[in-house]
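Asker: My questions will all concern the structure given below.
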Amino acid sequence: MASVVATGKKLSGTRSEVWLCQAYDVNAQGLVLYVKPKLPLRALLVEALAAQVGQCMGLPCPDPYLVTVKPTFVGAAPGKQILAFGSVQAGGRGLATPIRDVDFMLETLERLGLAEAACVFDEWIANPVRGPGDVLFDAELGAVFIDHEGAMEPQTSPDAAVTNWIAARIVDRVVPGKKPQLLKAIRARAAAAQRAQLGAAPSVVQMAQDGVAIYQSLLKFLSERLTHLDRLLSARVLPEQAYITKPTDNNASDRTADI
């Protein structure tokens with residue numbers, strides 16, 4: 001949790017309304033946060049949970065916060081406090097910016113050893129709206145992954161394929177003979193994700209009505225999607241290769257592999 005303490009600065013050119021705000025966390029530690037005051041509750045929790053998933057996968061996602069904000073601090077009429085999403089400012093001096101040259105951006109991710117993990121991350125959280133503006137680069141920090149509120153859409157089934165922009169661009173760059181090698185690297189990242197421990201909803205989400213129920217539904221989605229992750233990634237990188245799954249009943253005398 002954190003609380004905004006002064007009027008913020010509205011930023012332009014963002015997908016959702018974003019304000020750069022001074023804030024303090026529950027330990028009275030000063031913060032500079034990017035605050036999204038108009039996200040619906042579900043999108044707010046998606047942002048917070050996805051950032052944690054990314055961090056657990058070793059991706060550089062800024063620390064997420066649930067933030068209380070006086071409406072007047074973010075350009076709204078006076079009223080009761082707003083519960084918003086906040087993300088720690090990317091880069092100590094706020095100098096992180098996107099690389100608009102897609103090829104150079106992907107080359108940079110590959111050089112940083114983040115390309116395969118990014119493919120798995122967006123596949124796992126079912127993020128269909130990633131674009132070049134959602135990965136920032138800082139001279140000190142390297143890459144920074146932001147803006148996940150479009151992930152885990154309510155209508156998306158845990159076994160459904162969605163657009164994975166980074167994965168599609170990376171696959172397009174690989175010559176056909178190298179695709180099995182790419183798939184091996186991506187599947188290794190997906191296998192590591194299987195060790196993730198998805199715990200209970202943190203107490204902080206009780207700040208919002210229905211917060212716990214929504215958060216638990218998101219955890220359930222992530223848990224179920226893990227069982228389909230390897231298949232989804234395999235079909236994305238090598239769609240012409242049949243995918244072999246374990247049989248439903250391992251004890252059946254006449255069991256065969258399902259293709």
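In the structure tokens, the first chain shown is A, the next is B, and so on; residue numbers restart at 1 for each chain, and ligands run from 1 in the order shown.
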Using only C-alpha atoms, which residues sit within 7 Å of region 143-157 of chain A once same-chain residues fewer than 5 positions away are excluded, as a list in words?

Answerer: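 That gives Ala43, Leu44, Val46, Glu47, Ala50, Pro60, Cys61, Ala90, Ile125, Ala126, Asn127, Pro128, Val129, Asp134, Val135, Leu136, Phe137 and Asp138 of chain A.
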
Asker: Residues within 12 Å of region 21-35 of chain A, please, as a ChimeraX atom specification. Count only C-alpha atoms; anything in the same chain fewer than 2 positions from it doesn't count.

Answerer: /A:1-11,14,16-19,37-39,44,47-48,62-71,73-75,82-94,146-147,204

Asker: Suppose you want the space between CA of Leu106 (chain A) and CA of Phe221 (chain A); what is it in Å?

Answerer: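 So the answer is 28.5 Å.
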
Asker: Running DSSP on the backbone, which parts of region 30-259 of chain A land in strand (DSSP E), as a ChimeraX atom specification?

Answerer: /A:30-36,64-69,82-88,97-98,135-138,142-145

Asker: Set the distance at 12 Å and use only C-alpha atoms: which residues neighbour Ala213 (chain A) once local chain neighbours fewer than 3 positions away are removed? I'd like the list as a ChimeraX atom specification.

Answerer: /A:41-42,45,200-203,205-206,208-210,216-220

Asker: So, counting only C-alpha atoms, which residue among A:Ala51, A:Pro132, A:Ala196, A:Cys56 is closest to Arg100 (chain A)?

Answerer: A:Pro132
